[in-house]
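structure.txt (compact mmCIF, C-alpha atoms)
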```txt
# COMPACT_ATOMS: atom_id res chain seq x y z
CA MET L 1 -26.04 29.99 28.50
CA ALA L 2 -23.24 27.86 27.10
CA ILE L 3 -25.70 25.22 25.91
CA ALA L 4 -27.20 27.81 23.56
CA SER L 5 -24.08 27.70 21.36
CA LEU L 6 -24.40 23.90 21.05
CA GLU L 7 -28.08 24.27 20.16
CA LYS L 8 -27.24 26.89 17.55
CA ARG L 9 -24.62 24.72 15.83
CA LEU L 10 -26.74 21.58 15.95
CA GLY L 11 -29.92 23.40 14.92
CA SER L 12 -28.14 25.01 11.97
CA ASP L 13 -27.01 21.57 10.77
CA VAL L 14 -30.60 20.34 10.98
CA LYS L 15 -31.90 23.31 8.99
CA ARG L 16 -29.32 22.73 6.27
CA ALA L 17 -30.43 19.09 6.03
CA ALA L 18 -34.15 19.93 5.96
CA LYS L 19 -34.67 19.52 2.23
CA THR L 20 -32.94 16.14 2.41
CA TRP L 21 -35.56 14.54 4.65
CA PHE L 22 -38.60 16.04 2.90
CA SER L 23 -38.62 13.41 0.17
CA PRO L 24 -41.24 13.04 -2.60
CA HIS L 25 -43.05 10.29 -0.65
CA MET L 26 -43.27 12.59 2.38
CA ALA L 27 -44.63 15.44 0.23
CA ALA L 28 -47.26 13.09 -1.28
CA ALA L 29 -48.18 11.74 2.15
CA SER L 30 -48.50 15.28 3.46
CA ARG L 31 -51.10 16.10 0.81
CA ALA L 32 -52.96 12.83 1.40
CA VAL L 33 -53.14 13.34 5.16
CA SER L 34 -54.39 16.92 4.74
CA GLU L 35 -57.14 15.73 2.38
CA ARG L 36 -58.35 13.03 4.76
CA ILE L 37 -58.30 14.95 8.04
CA PRO L 38 -61.83 16.37 7.44
CA LEU L 39 -63.18 12.86 6.73
CA VAL L 40 -62.36 11.22 10.06
CA ASP L 41 -64.23 11.41 13.36
CA LEU L 42 -61.19 12.11 15.54
CA VAL L 43 -57.62 13.21 14.92
CA LEU L 44 -54.96 12.16 17.41
CA GLU L 45 -51.98 14.47 17.15
CA ILE L 46 -49.13 12.37 18.51
CA ARG L 47 -46.37 14.39 20.13
CA ASP L 48 -43.21 13.44 21.97
CA ALA L 49 -43.74 14.11 25.70
CA ARG L 50 -40.12 15.26 25.96
CA ILE L 51 -40.79 18.09 23.47
CA PRO L 52 -44.53 18.90 23.72
CA LEU L 53 -44.21 22.09 21.64
CA SER L 54 -41.30 21.28 19.35
CA SER L 55 -43.05 18.10 18.15
CA GLU L 56 -46.20 19.96 17.09
CA TYR L 57 -47.64 18.69 13.78
CA ASP L 58 -47.60 21.53 11.27
CA HIS L 59 -50.84 20.55 9.47
CA LEU L 60 -52.86 20.77 12.69
CA ARG L 61 -51.52 24.08 13.93
CA ASN L 62 -54.67 25.92 12.84
CA PHE L 63 -57.10 23.03 13.26
CA SER L 64 -60.59 24.53 13.40
CA SER L 65 -62.41 21.81 15.36
CA PRO L 66 -60.92 21.41 18.88
CA LEU L 67 -63.43 18.72 19.83
CA LYS L 68 -62.15 16.46 17.04
CA ARG L 69 -58.49 16.85 17.97
CA ILE L 70 -56.67 15.22 20.88
CA ILE L 71 -53.05 15.99 21.65
CA VAL L 72 -51.44 12.72 22.74
CA LEU L 73 -48.17 13.06 24.65
CA ASN L 74 -46.51 9.76 23.83
CA LYS L 75 -43.28 8.41 25.39
CA MET L 76 -44.31 9.91 28.71
CA ASP L 77 -42.10 7.27 30.37
CA LEU L 78 -39.10 9.18 28.99
CA ALA L 79 -40.18 12.63 30.19
CA ASN L 80 -40.12 14.31 33.58
CA ARG L 81 -43.29 13.26 35.44
CA SER L 82 -43.99 16.56 37.18
CA GLU L 83 -43.45 18.56 34.00
CA ILE L 84 -45.88 16.34 32.08
CA LYS L 85 -48.59 17.39 34.54
CA GLU L 86 -47.71 21.05 33.95
CA TRP L 87 -47.94 20.57 30.20
CA MET L 88 -51.33 18.89 30.51
CA ARG L 89 -52.52 21.90 32.52
CA TYR L 90 -51.12 24.21 29.85
CA PHE L 91 -53.02 22.47 27.06
CA GLU L 92 -56.18 22.60 29.14
CA GLN L 93 -55.75 26.36 29.43
CA GLN L 94 -55.42 26.51 25.65
CA ASN L 95 -58.77 24.65 25.34
CA CYS L 96 -57.02 21.60 23.91
CA ILE L 97 -57.87 18.04 24.90
CA SER L 98 -54.72 16.12 25.84
CA PHE L 99 -53.76 12.69 27.15
CA GLY L 100 -50.43 11.26 28.33
CA VAL L 101 -49.50 7.85 26.94
CA ASN L 102 -46.82 5.18 27.31
CA SER L 103 -47.35 2.86 24.33
CA HIS L 104 -45.68 -0.03 26.15
CA ASN L 105 -47.82 0.12 29.29
CA LYS L 106 -50.92 -2.07 28.92
CA ASP L 107 -52.85 -0.47 31.78
CA ASN L 108 -52.23 2.98 30.36
CA ILE L 109 -53.34 1.85 26.87
CA LYS L 110 -56.54 0.30 28.30
CA GLU L 111 -57.31 3.60 29.99
CA PHE L 112 -56.59 5.51 26.78
CA LEU L 113 -58.77 3.16 24.73
CA LYS L 114 -61.72 3.68 27.10
CA PHE L 115 -61.15 7.42 26.82
CA LEU L 116 -61.24 7.26 23.01
CA GLN L 117 -64.40 5.16 22.95
CA ALA L 118 -66.08 7.62 25.30
CA ARG L 119 -65.02 10.53 23.07
CA VAL L 120 -66.47 8.81 19.98
CA LYS L 121 -69.81 8.20 21.72
CA GLU L 122 -69.89 11.75 23.02
CA LEU L 123 -69.23 13.24 19.60
CA LYS L 124 -71.86 11.17 17.83
CA LYS L 125 -74.33 10.88 20.71
CA ILE L 126 -74.90 7.21 19.95
CA ASP L 127 -74.66 3.96 21.89
CA HIS L 128 -75.39 1.19 19.41
CA SER L 129 -72.87 -1.12 17.77
CA SER L 130 -73.75 -0.52 14.12
CA TYR L 131 -71.87 2.76 13.92
CA THR L 132 -68.26 2.77 12.69
CA ALA L 133 -65.89 5.54 13.75
CA THR L 134 -62.53 6.39 12.20
CA ILE L 135 -59.59 7.88 14.09
CA MET L 136 -56.48 9.21 12.37
CA LEU L 137 -53.07 9.35 14.03
CA ALA L 138 -50.87 12.16 12.73
CA GLY L 139 -47.53 13.56 13.76
CA ILE L 140 -43.90 14.12 12.96
CA PRO L 141 -41.53 11.15 12.45
CA ASN L 142 -40.55 8.87 15.32
CA VAL L 143 -43.03 10.02 17.96
CA GLY L 144 -44.33 6.46 18.29
CA LYS L 145 -47.45 6.47 16.12
CA SER L 146 -47.07 2.90 14.84
CA ALA L 147 -46.21 1.56 18.30
CA LEU L 148 -49.33 3.23 19.68
CA VAL L 149 -51.49 1.82 16.87
CA ASN L 150 -50.19 -1.67 17.56
CA SER L 151 -50.82 -1.36 21.30
CA LEU L 152 -54.34 -0.04 20.81
CA HIS L 153 -55.04 -2.79 18.29
CA GLN L 154 -53.72 -5.51 20.58
CA ILE L 155 -55.71 -4.36 23.61
CA GLY L 156 -58.79 -3.68 21.49
CA ARG L 157 -58.88 -7.00 19.69
CA ILE L 158 -58.38 -8.95 22.89
CA SER L 159 -61.29 -7.19 24.51
CA ALA L 160 -63.39 -7.81 21.39
CA ALA L 161 -62.38 -11.50 21.19
CA GLU L 162 -60.68 -10.95 17.85
CA LYS L 163 -57.17 -12.01 18.76
CA GLY L 164 -55.01 -12.95 15.78
CA LYS L 165 -57.20 -11.59 13.00
CA LEU L 166 -55.38 -8.41 12.02
CA LYS L 167 -51.79 -7.54 11.19
CA HIS L 168 -49.54 -5.11 13.01
CA ALA L 169 -48.19 -1.83 11.67
CA VAL L 170 -44.48 -1.67 10.92
CA VAL L 171 -42.57 -0.12 13.84
CA SER L 172 -39.07 1.31 13.41
CA PRO L 173 -36.88 3.70 15.40
CA ILE L 174 -35.80 5.22 12.06
CA PRO L 175 -37.73 8.42 11.20
CA GLY L 176 -39.91 8.15 8.09
CA GLU L 177 -40.30 4.36 8.06
CA THR L 178 -44.12 4.37 7.63
CA LYS L 179 -44.75 5.26 3.97
CA ASP L 180 -47.90 3.75 2.44
CA ILE L 181 -51.16 5.67 2.51
CA SER L 182 -52.28 4.90 -1.06
CA SER L 183 -54.66 2.12 0.02
CA LEU L 184 -57.06 4.66 1.51
CA LYS L 185 -59.64 6.15 -0.83
CA GLY L 186 -62.10 8.41 0.93
CA PHE L 187 -64.14 6.24 3.31
CA ARG L 188 -63.40 2.90 1.65
CA TRP L 189 -61.20 1.91 4.56
CA LEU L 190 -60.82 -1.76 5.25
CA PRO L 191 -58.38 -3.34 7.72
CA SER L 192 -54.94 -3.10 6.08
CA LYS L 193 -51.41 -2.52 7.27
CA LEU L 194 -52.40 1.06 8.10
CA MET L 195 -55.96 0.58 9.39
CA LYS L 196 -56.52 -1.31 12.64
CA ARG L 197 -59.70 -2.11 14.50
CA ILE L 198 -59.33 -1.13 18.16
CA GLY L 199 -62.86 -1.38 19.56
CA SER L 200 -66.48 -2.34 19.19
CA HIS L 201 -69.82 -0.93 20.41
CA PRO L 202 -69.24 1.30 18.46
CA ASN L 203 -66.77 -0.14 16.00
CA VAL L 204 -63.65 2.01 16.02
CA TYR L 205 -60.87 1.89 13.46
CA VAL L 206 -57.59 3.75 13.84
CA LEU L 207 -55.47 4.86 10.89
CA ASP L 208 -51.69 5.11 11.10
CA THR L 209 -50.07 7.72 8.83
CA PRO L 210 -46.50 8.51 7.81
CA GLY L 211 -44.52 10.88 9.99
CA ILE L 212 -44.27 14.27 8.33
CA LEU L 213 -41.84 17.00 9.35
CA SER L 214 -41.98 20.37 7.64
CA PRO L 215 -38.69 21.48 6.04
CA ASP L 216 -39.48 25.08 7.01
CA ILE L 217 -38.45 24.94 10.68
CA LEU L 218 -37.02 28.33 11.58
CA ASP L 219 -36.09 27.93 15.24
CA VAL L 220 -32.61 26.42 15.74
CA GLU L 221 -33.34 25.43 19.34
CA MET L 222 -36.40 23.49 18.19
CA CYS L 223 -34.31 21.84 15.46
CA SER L 224 -31.73 20.67 17.99
CA LYS L 225 -34.42 19.13 20.22
CA LEU L 226 -36.02 17.34 17.28
CA ALA L 227 -32.64 15.90 16.38
CA LEU L 228 -31.81 14.75 19.91
CA THR L 229 -35.14 12.93 20.32
CA GLY L 230 -34.73 11.19 16.95
CA ALA L 231 -37.24 13.00 14.74
CA VAL L 232 -34.55 13.35 12.07
CA LYS L 233 -31.92 10.79 11.15
CA ASP L 234 -28.74 10.97 13.22
CA CYS L 235 -26.56 10.77 10.12
CA LEU L 236 -27.83 14.16 8.97
CA VAL L 237 -26.25 15.96 11.93
CA GLY L 238 -23.74 13.56 13.51
CA GLU L 239 -24.01 11.26 16.53
CA LYS L 240 -21.14 12.87 18.43
CA GLU L 241 -22.75 16.30 18.16
CA LEU L 242 -26.06 14.86 19.42
CA ALA L 243 -24.30 13.07 22.29
CA GLN L 244 -22.54 16.31 23.24
CA TYR L 245 -25.89 18.08 23.34
CA PHE L 246 -27.35 15.37 25.55
CA LEU L 247 -24.39 15.58 27.94
CA ALA L 248 -24.84 19.35 28.12
CA THR L 249 -28.51 18.79 28.99
CA LEU L 250 -27.57 16.21 31.63
CA ASN L 251 -24.87 18.40 33.18
CA LEU L 252 -27.28 21.32 33.55
CA SER L 253 -30.04 19.16 35.10
CA ASP L 254 -30.45 17.50 38.49
CA GLU L 255 -31.11 14.07 37.00
CA TYR L 256 -27.64 12.74 37.78
CA LYS L 257 -28.17 13.38 41.50
CA LYS L 258 -30.42 10.32 41.58
CA TRP L 259 -27.35 8.20 40.84
CA GLU L 260 -25.07 9.56 43.55
CA LYS L 261 -25.55 6.43 45.67
CA LEU L 262 -24.20 4.24 42.90
CA CYS L 263 -20.67 4.40 44.29
CA THR L 264 -22.01 2.86 47.51
CA LYS L 265 -23.84 0.21 45.50
CA GLU L 266 -20.62 -0.57 43.65
CA ASN L 267 -18.96 -1.29 46.99
CA GLU L 268 -21.87 -3.58 47.82
CA ARG L 269 -21.41 -5.38 44.50
CA SER L 270 -17.70 -5.88 45.26
CA THR L 271 -18.65 -7.38 48.60
CA THR L 272 -21.08 -9.71 46.83
CA ASP L 273 -18.33 -10.86 44.45
CA HIS L 274 -16.06 -11.51 47.42
CA ARG L 275 -18.79 -13.59 49.06
CA LEU L 276 -19.23 -15.58 45.85
CA ARG L 277 -15.51 -16.30 45.77
CA PHE L 278 -15.76 -17.60 49.30
CA LEU L 279 -18.78 -19.77 48.46
CA GLY L 280 -17.27 -21.23 45.34
CA ARG L 281 -15.59 -20.35 42.05
CA SER L 282 -18.29 -22.04 39.97
CA GLU L 283 -20.98 -19.65 41.23
CA LEU L 284 -18.87 -16.62 40.36
CA ASP L 285 -18.13 -18.02 36.89
CA ALA L 286 -21.84 -18.64 36.30
CA LYS L 287 -22.61 -15.05 37.29
CA ARG L 288 -20.00 -13.63 34.93
CA LYS L 289 -21.07 -15.80 32.01
CA ARG L 290 -24.41 -14.01 32.04
CA GLN L 291 -22.62 -10.69 31.52
CA TYR L 292 -21.64 -9.37 28.08
CA PRO L 293 -19.37 -6.35 28.60
CA THR L 294 -19.79 -5.05 25.03
CA ASP L 295 -23.60 -4.92 25.42
CA HIS L 296 -24.19 -1.41 26.77
CA THR L 297 -27.84 -2.17 27.59
CA GLN L 298 -26.96 -4.61 30.38
CA ASP L 299 -27.66 -3.28 33.85
CA PHE L 300 -24.09 -3.45 35.09
CA VAL L 301 -22.84 -1.44 32.08
CA VAL L 302 -25.59 1.14 32.55
CA HIS L 303 -24.65 1.38 36.23
CA ASP L 304 -21.01 1.92 35.28
CA ALA L 305 -22.01 4.67 32.83
CA ARG L 306 -24.12 6.41 35.46
CA ARG L 307 -21.39 6.16 38.06
CA THR L 308 -18.85 7.51 35.58
CA LEU L 309 -21.04 10.52 34.83
CA VAL L 310 -21.55 11.23 38.54
CA GLU L 311 -17.81 11.02 39.20
CA THR L 312 -16.89 13.32 36.30
CA ILE L 313 -19.47 15.86 37.43
CA SER L 314 -18.48 15.81 41.11
CA SER L 315 -14.75 16.09 40.36
CA PHE L 316 -15.11 18.95 37.87
CA HIS L 317 -14.30 22.52 38.86
CA GLY L 318 -15.47 25.11 36.42
CA ASP L 319 -18.32 27.38 35.37
CA LEU L 320 -20.88 25.59 33.20
CA GLU L 321 -22.23 28.94 32.08
CA LYS L 322 -19.01 29.30 30.10
CA GLU L 323 -18.91 27.39 26.84
CA LYS L 324 -15.23 26.50 27.18
CA ASP L 325 -15.74 24.91 30.61
CA LEU L 326 -18.87 23.04 29.54
CA LEU L 327 -17.14 21.57 26.48
CA ARG L 328 -14.14 20.60 28.60
CA ARG L 329 -16.38 18.64 30.97
CA ILE L 330 -18.15 16.94 28.04
CA GLU L 331 -14.82 15.85 26.52
CA THR L 332 -13.75 14.47 29.91
CA GLN L 333 -17.01 12.51 30.08
CA PHE L 334 -16.55 11.13 26.57
CA THR L 335 -13.10 9.82 27.50
CA ALA L 336 -14.35 8.28 30.76
CA LEU L 337 -17.40 6.69 29.08
CA GLN L 338 -15.13 4.86 26.66
CA GLU L 339 -14.00 2.70 29.57
CA ALA L 340 -17.49 2.42 31.06
CA PHE L 341 -18.86 1.16 27.71
CA ARG L 342 -15.88 -1.17 27.20
CA VAL L 343 -15.02 0.46 23.86
CA ALA L 344 -11.57 -0.60 22.69
CA SER L 345 -9.12 2.15 21.75
CA GLU L 346 -9.08 2.37 17.97
CA SER L 347 -8.94 5.32 15.64
CA GLY L 348 -10.16 8.44 17.43
CA GLU L 349 -13.26 9.12 15.35
CA ASP L 350 -14.46 5.51 15.38
CA THR L 351 -14.10 5.29 19.16
CA GLU L 352 -16.02 8.53 19.67
CA HIS L 353 -18.71 7.34 17.25
CA LYS L 354 -19.23 4.12 19.23
CA VAL L 355 -19.37 5.95 22.57
CA ALA L 356 -21.83 8.49 21.15
CA ALA L 357 -24.09 5.79 19.66
CA LYS L 358 -24.26 3.86 22.95
CA LEU L 359 -24.88 7.04 24.94
CA LEU L 360 -27.70 8.19 22.64
CA ASN L 361 -29.35 4.78 22.79
CA LEU L 362 -29.38 4.80 26.60
CA TYR L 363 -30.79 8.33 26.66
CA ARG L 364 -33.52 7.54 24.13
CA THR L 365 -34.60 4.43 26.02
CA GLY L 366 -34.78 6.22 29.36
CA ARG L 367 -31.81 4.46 30.96
CA LEU L 368 -30.06 7.76 31.72
CA GLY L 369 -32.97 9.66 33.20
CA ARG L 370 -36.20 11.38 32.23
CA TYR L 371 -35.95 14.78 30.55
CA THR L 372 -38.46 17.30 29.26
CA LEU L 373 -36.52 19.51 26.88
CA ASP L 374 -39.22 22.09 26.12
CA SER L 375 -39.90 24.79 28.68
CA LEU L 376 -43.44 25.94 29.39
CA PRO L 377 -44.38 29.25 27.74
CA ARG L 378 -43.76 32.14 30.09
CA ASN L 379 -47.30 33.45 29.84
CA ILE L 380 -48.78 30.33 31.52
CA GLN L 381 -50.72 31.18 34.64
```
If you convert what's in this file into structure tokens, what do you get?
Amino acid sequence: MAIASLEKRLGSDVKRAAKTWFSPHMAAASRAVSERIPLVDLVLEIRDARIPLSSEYDHLRNFSSPLKRIIVLNKMDLANRSEIKEWMRYFEQQNCISFGVNSHNKDNIKEFLKFLQARVKELKKIDHSSYTATIMLAGIPNVGKSALVNSLHQIGRISAAEKGKLKHAVVSPIPGETKDISSLKGFRWLPSKLMKRIGSHPNVYVLDTPGILSPDILDVEMCSKLALTGAVKDCLVGEKELAQYFLATLNLSDEYKKWEKLCTKENERSTTDHRLRFLGRSELDAKRKRQYPTDHTQDFVVHDARRTLVETISSFHGDLEKEKDLLRRIETQFTALQEAFRVASESGEDTEHKVAAKLLNLYRTGRLGRYTLDSLPRNIQ
């Protein structure tokens, strides 16, 4: 497929940059995490639901105690719903415990917290409140570990009437932002910026750890997926290249078909504007004042971007299996999105950089559809 050539180029760039991201603090954290894994009661391996295999945590690949390990598919709100269910079934067939999570959904976090408390009680066969359990979160960078810790802590402390007592972990969309693990010495774990209490009866503490990504990734397709989902810094491979890869993924999916009615909705919006003009100029002015054309996250800009993508796809005549045709469509979309994102014509590279950055942001926040990039292994029954 034509997309394979994009994956190869992007993946090769990631591999060349591998030694750059594996800094001394990441190497030290890697050793510290490995030393402490045997000391905790449960290990939550946090993966990105969009790449359930590519986001596997290297240190847990040969984990010997399946009852102590739970694969948590985070960011499930960004992945294809039906494919998440298939992946959960796959992990079940591999005798792995798994759970799908959206760190920003309170009901989902409450359900997950109850699940964790039940697992702790089942493992220790106890029911009294004097016992203290420790749970470690581990995973590659930017899979949402800190966001999940904060959500669990918030829900847990409210239910335990402890609101306001403990601090939050630092959350950042930049890979490798969580760094400190030096405060943990064996079992002398007190609430700190990395340790959060999330439950009582029994008392349960959860430990956030730095994201660690092995520099020895061999598969270029896996590298490209890690880059697109933000596990490595965009500057290491280039935002335009990542945006091109996303557009290739979009063009080869059916996700855009959900937006085909947007042209009709645009006509409805024009009718609404006409009605506002009839009712009074002040109402129309008030409506427009709430709009900021340069803010690509506003609904009307997102709608314009979706409509633009649908129009460029429907008007294109070519074979997407051919690399030349696929790249031609992507370049057409880049040009059209410049207008949709209200990016002023400046120097070519700067304009493309701005369009790429806005496009990547909308993809990574789920505004341009839900995608599962990893395919299920062929041997699944």
With all atoms listed in the file as the counted atoms, please give the residues lying no more than 12 Å from Lys85 (chain L), apart from itself and same-chain residues fewer than 6 positions off, as a list in words.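 Surrounding residues, per the criterion: Ala49, Pro52, Leu73, Met76, Ala79, Phe91, Glu92, Ser98, Phe99, Gly100, Thr372 and Leu376 of chain L.
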Figure out the distance between CA of Glu45 (chain L) and CA of Ile70 (chain L), please, to one decimal in Å.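 We find that CA of Ile70 (chain L) and CA of Glu45 (chain L) lie 6.0 Å from each other.
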Taking the point (-46.4, 11.4, 3.6) as given in the file, collect each protein or nucleic acid residue that comes within 7 Å of it, counting all atoms listed in the file, and present the set as a ChimeraX atom specification. /L:25-30,179,210-212
Which one is closest to Asn95 (chain L): L:Thr308, L:Asn80, L:Ser34, L:Ser65? Count all atoms listed in the file.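 Of all the options, L:Ser65 lies closest to Asn95 (chain L).
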Just the number, please: distance in Å from CA of Leu137 (chain L) to CA of Lys124 (chain L), one decimal. 19.3 Å
Residue contacts of His353 (chain L) (10 Å, only C-alpha atoms) excluding same-chain residues fewer than 2 positions away, as a PyMOL selection string: chain L and resi 238-241+243+348-351+355-359
Write a file of the selected residues as a compact mmCIF listing (two decimals), keeping the file's coordinate frame, keeping C-alpha atoms.
```
# COMPACT_ATOMS: atom_id res chain seq x y z
CA GLY L 238 -23.74 13.56 13.51
CA GLU L 239 -24.01 11.26 16.53
CA LYS L 240 -21.14 12.87 18.43
CA GLU L 241 -22.75 16.30 18.16
CA ALA L 243 -24.30 13.07 22.29
CA GLY L 348 -10.16 8.44 17.43
CA GLU L 349 -13.26 9.12 15.35
CA ASP L 350 -14.46 5.51 15.38
CA THR L 351 -14.10 5.29 19.16
CA VAL L 355 -19.37 5.95 22.57
CA ALA L 356 -21.83 8.49 21.15
CA ALA L 357 -24.09 5.79 19.66
CA LYS L 358 -24.26 3.86 22.95
CA LEU L 359 -24.88 7.04 24.94
```
For a quick check of understanding, using all atoms listed in the file, which of L:Ile84, L:Val149, L:Val101, L:Ile37 has the smallest distance to Tyr371 (chain L)?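 When distances to Tyr371 (chain L) are compared using all atoms listed in the file, the smallest one comes from L:Ile84.
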Pairwise distance for CA of Leu42 (chain L) and CA of Lys68 (chain L), rounded to one decimal in Å: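 Separation between CA of Leu42 (chain L) and CA of Lys68 (chain L): 4.7 Å.
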Residue nearest Gly199 (chain L) among L:Thr132, L:Asn108, L:Asn150, L:Thr249 (counting only C-alpha atoms): L:Thr132
Selection: 7 Å around Val14 (chain L), only C-alpha atoms, excl. self and same-chain fewer than 3 positions, as a VMD selection string: chain L and resid 10 to 11 17 to 18 223 237
Contacts of Asp48 (chain L) within 8 Å, only C-alpha atoms, excl. fewer than 5 positions in-chain, as a list in words: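 Selected residues are Ser55, Leu73, Asn74, Lys75, Met76, Val143 and Gly144 of chain L.
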Compile the contact shell of Arg367 (chain L) as a list of chain:residue names: residues with an atom at most 9 Å away, counting all atoms listed in the file, same-chain residues fewer than 3 positions apart removed.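 The contact residues come out as L:Leu78, L:Thr297, L:Val302, L:Asn361, L:Leu362, L:Tyr363, L:Arg364, L:Arg370.
The closest residue to Ile135 (chain L), picked from L:Val33, L:Cys235, L:Val204, L:Leu360 and counting all atoms listed in the file, is L:Val204.
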Please, can region 350-361 of chain L be completed to N, CA, C and O atoms and returned as a CSV table (one decimal), in the coordinates of the input?
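And here's result_39.csv as it stands now:
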```
chain,number,residue,atom,x,y,z
L,350,ASP,N,-13.7,6.7,15.3
L,350,ASP,CA,-14.5,5.5,15.4
L,350,ASP,C,-14.8,5.2,16.8
L,350,ASP,O,-15.9,4.9,17.2
L,351,THR,N,-13.8,5.5,17.7
L,351,THR,CA,-14.1,5.3,19.2
L,351,THR,C,-15.2,6.3,19.6
L,351,THR,O,-16.1,5.9,20.3
L,352,GLU,N,-15.0,7.5,19.3
L,352,GLU,CA,-16.0,8.5,19.7
L,352,GLU,C,-17.4,8.2,19.1
L,352,GLU,O,-18.4,8.4,19.8
L,353,HIS,N,-17.4,7.7,17.9
L,353,HIS,CA,-18.7,7.3,17.2
L,353,HIS,C,-19.4,6.2,18.0
L,353,HIS,O,-20.6,6.3,18.3
L,354,LYS,N,-18.7,5.2,18.5
L,354,LYS,CA,-19.2,4.1,19.2
L,354,LYS,C,-19.7,4.6,20.6
L,354,LYS,O,-20.8,4.2,21.0
L,355,VAL,N,-19.0,5.4,21.3
L,355,VAL,CA,-19.4,6.0,22.6
L,355,VAL,C,-20.6,6.8,22.4
L,355,VAL,O,-21.6,6.7,23.2
L,356,ALA,N,-20.7,7.6,21.4
L,356,ALA,CA,-21.8,8.5,21.2
L,356,ALA,C,-23.1,7.7,20.9
L,356,ALA,O,-24.2,8.0,21.4
L,357,ALA,N,-22.9,6.6,20.0
L,357,ALA,CA,-24.1,5.8,19.7
L,357,ALA,C,-24.7,5.1,20.9
L,357,ALA,O,-25.9,5.0,21.1
L,358,LYS,N,-23.8,4.5,21.7
L,358,LYS,CA,-24.3,3.9,23.0
L,358,LYS,C,-24.9,4.9,23.9
L,358,LYS,O,-26.0,4.6,24.5
L,359,LEU,N,-24.3,6.0,24.0
L,359,LEU,CA,-24.9,7.0,24.9
L,359,LEU,C,-26.3,7.5,24.5
L,359,LEU,O,-27.2,7.6,25.3
L,360,LEU,N,-26.4,7.8,23.2
L,360,LEU,CA,-27.7,8.2,22.6
L,360,LEU,C,-28.8,7.1,22.8
L,360,LEU,O,-29.9,7.4,23.2
L,361,ASN,N,-28.4,5.9,22.6
L,361,ASN,CA,-29.4,4.8,22.8
L,361,ASN,C,-29.9,4.7,24.2
L,361,ASN,O,-31.1,4.6,24.5
```
